[in-house]
Amino acid sequence: MDFDPIAAIMAWIGAYGLVGLFAIALAERFVPVIPSYGLLLAIGIGAADEAWSLPAAFLSTVAGGMFGCAALFYTLRGMGTARSVRLLNRAGRIFGMSVDRIERGTASFRRNQATLAFALQLVPTVRLFAPAFAAILRGRSRRVLVASAAGIAAWNGLFIGIGFYASHTIETGNMTVLALAALGCLLVTEVALFWLARWVRARRRRGPRYAKPDDIWRGHAIGSATGPRTCSG
């Protein structure tokens, strides 16, 4: 396969060095032409090919993502609640998020802002809107941004690390093929975890409805032993 668009993109970014990595991570927060996990996998592969060092790539992309996150947060906070909600709903339609889903995400922040600011950075697409949810609810900027930074670091580190490891494990000179192979393995893992989580939830729901025969017998025996007694004479 001679067609290698990811290699072409990485060559263009590599021409600008760490500034290019910062810029592409910043742009991805607003114009996600390439899914972030695909982009980060490619950056990890580039680090394995010594286009840049692994720690520098990680720090540059985290800084770019965090800068974009903070810019969105403070921009929407300065616009006011009503205008921010309208803009968020319009953007949500562009990226395939319904108004109901956006409202649920906003309501979730009311319960625990810091935890969700971190957790939502690990959910594709939703992670781009998480700072907007916090801005609309007037969340504490320091707490939200620190938690978001931790989530961005976890997300970036995971995919850059997978790309770096895959480059040393999968033997191919085509960066696009390598990224697709790593992404395929990741998707298989995600599907397996999804079905495992569903199975665990189903087991928990069924558990309380049915009592074991031993428990029924034990309960009957206890009831008989402690049943009502008649008073003599």
# chains A, B, ... in the order shown; residues from 1 in each chain; ligands from 1
>>> select_by_dssp(residues="segment 2-103 of chain A", states="helix (DSSP H, G or I)", output="JSON, numbers by chain")
{"A": [5, 6, 7, 8, 9, 10, 11, 12, 13, 14, 17, 18, 19, 20, 21, 22, 23, 24, 25, 26, 27, 28, 36, 37, 38, 39, 40, 41, 42, 43, 44, 45, 46, 47, 48, 54, 55, 56, 57, 58, 59, 60, 61, 62, 63, 64, 65, 66, 67, 68, 69, 70, 71, 72, 73, 74, 75, 76, 77, 78, 79, 81, 82, 83, 84, 85, 86, 87, 88, 89, 90, 91, 92, 93, 94, 99, 100, 101, 102, 103]}
>>> residues_around(residues="Ser141 of chain A", least_positions_apart="6", cutoff="10 Å", atoms="only C-alpha atoms", output="PyMOL selection string")
chain A and resi 70+73-74+77+114+131+134-135+147
>>> residues_around(residues="segment 46-63 of chain A", least_positions_apart="5", cutoff="9 Å", atoms="only C-alpha atoms", output="ChimeraX atom specification")
/A:7,10-11,14,17-26,40-41,68,149,152-153,156-157,160-161,163-165,167-168,175
>>> closest_residue(among="A:Val85, A:Val126, A:Ala27, A:Ala117", to="Leu39 of chain A", atoms="only C-alpha atoms")
A:Ala27
>>> closest_residue(among="A:Phe133, A:Ala197, A:Ile162, A:Ile45", to="Leu120 of chain A", atoms="only C-alpha atoms")
A:Phe133
>>> residues_around(residues="Leu76 of chain A", least_positions_apart="4", cutoff="7 Å", atoms="only C-alpha atoms", output="PyMOL selection string")
chain A and resi 72+80+84+132+135
>>> write_last_selection(atoms="N, CA, C and O atoms", output="PDB file, in the first residue's frame")
ATOM      1  N   LEU A  72     -12.019  27.502  25.246  1.00  0.00           N
ATOM      2  CA  LEU A  72     -13.460  27.264  25.099  1.00  0.00           C
ATOM      3  C   LEU A  72     -14.196  27.579  26.392  1.00  0.00           C
ATOM      4  O   LEU A  72     -15.268  28.203  26.379  1.00  0.00           O
ATOM      5  N   GLY A  80     -22.197  34.464  28.471  1.00  0.00           N
ATOM      6  CA  GLY A  80     -23.462  34.386  29.193  1.00  0.00           C
ATOM      7  C   GLY A  80     -24.143  33.046  28.952  1.00  0.00           C
ATOM      8  O   GLY A  80     -23.899  32.380  27.937  1.00  0.00           O
ATOM      9  N   SER A  84     -24.522  30.922  25.357  1.00  0.00           N
ATOM     10  CA  SER A  84     -23.670  29.741  25.386  1.00  0.00           C
ATOM     11  C   SER A  84     -24.466  28.481  25.083  1.00  0.00           C
ATOM     12  O   SER A  84     -24.009  27.604  24.347  1.00  0.00           O
ATOM     13  N   ALA A 132     -17.516  23.181  27.854  1.00  0.00           N
ATOM     14  CA  ALA A 132     -18.718  23.994  27.664  1.00  0.00           C
ATOM     15  C   ALA A 132     -19.753  23.697  28.740  1.00  0.00           C
ATOM     16  O   ALA A 132     -20.420  24.612  29.246  1.00  0.00           O
ATOM     17  N   ALA A 135     -18.648  25.548  31.772  1.00  0.00           N
ATOM     18  CA  ALA A 135     -18.780  27.001  31.630  1.00  0.00           C
ATOM     19  C   ALA A 135     -20.225  27.444  31.806  1.00  0.00           C
ATOM     20  O   ALA A 135     -20.511  28.459  32.455  1.00  0.00           O
TER      21      ALA A 135
END
>>> decode(residues="segment 10-126 of chain A", atoms="C-alpha atoms", output="CSV table (one decimal), in the first residue's frame")
chain,number,residue,atom,x,y,z
A,10,MET,CA,3.1,13.7,10.2
A,11,ALA,CA,5.8,15.0,7.7
A,12,TRP,CA,4.0,18.3,7.5
A,13,ILE,CA,3.7,18.5,11.3
A,14,GLY,CA,7.3,17.4,11.7
A,15,ALA,CA,8.5,20.3,9.7
A,16,TYR,CA,7.3,22.6,12.5
A,17,GLY,CA,8.6,20.4,15.3
A,18,LEU,CA,7.0,20.7,18.7
A,19,VAL,CA,5.2,23.9,17.7
A,20,GLY,CA,3.4,21.8,15.0
A,21,LEU,CA,2.3,19.2,17.6
A,22,PHE,CA,1.0,21.9,19.9
A,23,ALA,CA,-0.9,23.5,17.0
A,24,ILE,CA,-2.5,20.3,15.8
A,25,ALA,CA,-3.6,19.4,19.3
A,26,LEU,CA,-5.1,22.8,19.8
A,27,ALA,CA,-6.9,22.7,16.4
A,28,GLU,CA,-8.3,19.3,17.2
A,29,ARG,CA,-10.3,20.7,20.0
A,30,PHE,CA,-12.3,22.9,17.6
A,31,VAL,CA,-12.0,21.3,14.2
A,32,PRO,CA,-11.7,17.5,14.7
A,33,VAL,CA,-11.1,16.6,11.0
A,34,ILE,CA,-9.1,13.6,12.2
A,35,PRO,CA,-10.4,11.7,15.3
A,36,SER,CA,-8.1,12.5,18.2
A,37,TYR,CA,-7.2,8.9,18.9
A,38,GLY,CA,-6.0,8.4,15.3
A,39,LEU,CA,-4.0,11.6,15.4
A,40,LEU,CA,-2.4,10.6,18.7
A,41,LEU,CA,-1.6,7.1,17.5
A,42,ALA,CA,0.2,8.7,14.6
A,43,ILE,CA,2.1,11.0,16.9
A,44,GLY,CA,3.2,8.0,18.9
A,45,ILE,CA,4.3,6.2,15.8
A,46,GLY,CA,6.3,9.4,14.8
A,47,ALA,CA,8.0,9.3,18.1
A,48,ALA,CA,9.0,5.7,17.5
A,49,ASP,CA,10.5,6.8,14.2
A,50,GLU,CA,12.4,9.5,16.0
A,51,ALA,CA,10.6,12.4,14.4
A,52,TRP,CA,10.4,13.8,18.0
A,53,SER,CA,11.0,12.5,21.5
A,54,LEU,CA,8.2,10.7,23.2
A,55,PRO,CA,8.1,13.0,26.4
A,56,ALA,CA,8.2,16.1,24.2
A,57,ALA,CA,5.4,14.9,22.0
A,58,PHE,CA,3.3,14.0,25.1
A,59,LEU,CA,3.9,17.4,26.8
A,60,SER,CA,3.3,19.4,23.6
A,61,THR,CA,0.0,17.7,22.8
A,62,VAL,CA,-1.3,18.0,26.4
A,63,ALA,CA,-0.4,21.7,26.4
A,64,GLY,CA,-2.2,22.3,23.1
A,65,GLY,CA,-5.3,20.3,24.2
A,66,MET,CA,-5.3,22.1,27.6
A,67,PHE,CA,-5.0,25.5,25.9
A,68,GLY,CA,-7.9,24.8,23.7
A,69,CYS,CA,-10.0,23.5,26.6
A,70,ALA,CA,-9.3,26.6,28.6
A,71,ALA,CA,-10.1,28.9,25.6
A,72,LEU,CA,-13.5,27.3,25.1
A,73,PHE,CA,-14.3,27.4,28.8
A,74,TYR,CA,-13.5,31.1,29.2
A,75,THR,CA,-15.1,32.1,25.9
A,76,LEU,CA,-18.4,30.5,26.7
A,77,ARG,CA,-18.4,31.8,30.3
A,78,GLY,CA,-17.9,35.3,29.0
A,79,MET,CA,-20.8,35.0,26.5
A,80,GLY,CA,-23.5,34.4,29.2
A,81,THR,CA,-25.6,31.3,29.8
A,82,ALA,CA,-28.4,31.9,27.2
A,83,ARG,CA,-26.0,32.5,24.3
A,84,SER,CA,-23.7,29.7,25.4
A,85,VAL,CA,-26.5,27.2,25.4
A,86,ARG,CA,-27.6,28.2,21.9
A,87,LEU,CA,-24.1,28.0,20.5
A,88,LEU,CA,-23.5,24.6,22.3
A,89,ASN,CA,-26.7,23.1,20.8
A,90,ARG,CA,-25.8,24.3,17.3
A,91,ALA,CA,-22.3,22.8,17.6
A,92,GLY,CA,-23.7,19.6,19.0
A,93,ARG,CA,-25.9,19.1,15.9
A,94,ILE,CA,-22.8,19.5,13.7
A,95,PHE,CA,-21.0,16.8,15.6
A,96,GLY,CA,-24.0,14.5,15.9
A,97,MET,CA,-24.9,15.2,19.6
A,98,SER,CA,-28.6,15.6,20.3
A,99,VAL,CA,-30.0,18.4,22.5
A,100,ASP,CA,-31.1,15.7,25.0
A,101,ARG,CA,-27.6,14.3,25.2
A,102,ILE,CA,-26.1,17.8,25.7
A,103,GLU,CA,-28.7,18.5,28.4
A,104,ARG,CA,-27.8,15.3,30.2
A,105,GLY,CA,-24.1,16.1,30.1
A,106,THR,CA,-24.8,19.6,31.5
A,107,ALA,CA,-27.0,18.1,34.3
A,108,SER,CA,-24.3,15.6,35.2
A,109,PHE,CA,-21.9,18.4,35.9
A,110,ARG,CA,-24.2,19.7,38.6
A,111,ARG,CA,-23.6,16.6,40.7
A,112,ASN,CA,-19.8,16.4,40.6
A,113,GLN,CA,-17.9,18.8,38.5
A,114,ALA,CA,-14.3,17.8,39.1
A,115,THR,CA,-14.9,14.1,38.7
A,116,LEU,CA,-16.8,14.5,35.5
A,117,ALA,CA,-14.4,17.1,34.1
A,118,PHE,CA,-11.8,14.4,34.3
A,119,ALA,CA,-14.0,11.4,33.2
A,120,LEU,CA,-15.6,13.2,30.2
A,121,GLN,CA,-12.1,13.9,28.7
A,122,LEU,CA,-11.9,10.1,28.2
A,123,VAL,CA,-15.1,9.9,26.1
A,124,PRO,CA,-14.8,10.5,22.3
A,125,THR,CA,-16.7,13.6,21.0
A,126,VAL,CA,-18.2,14.4,24.4
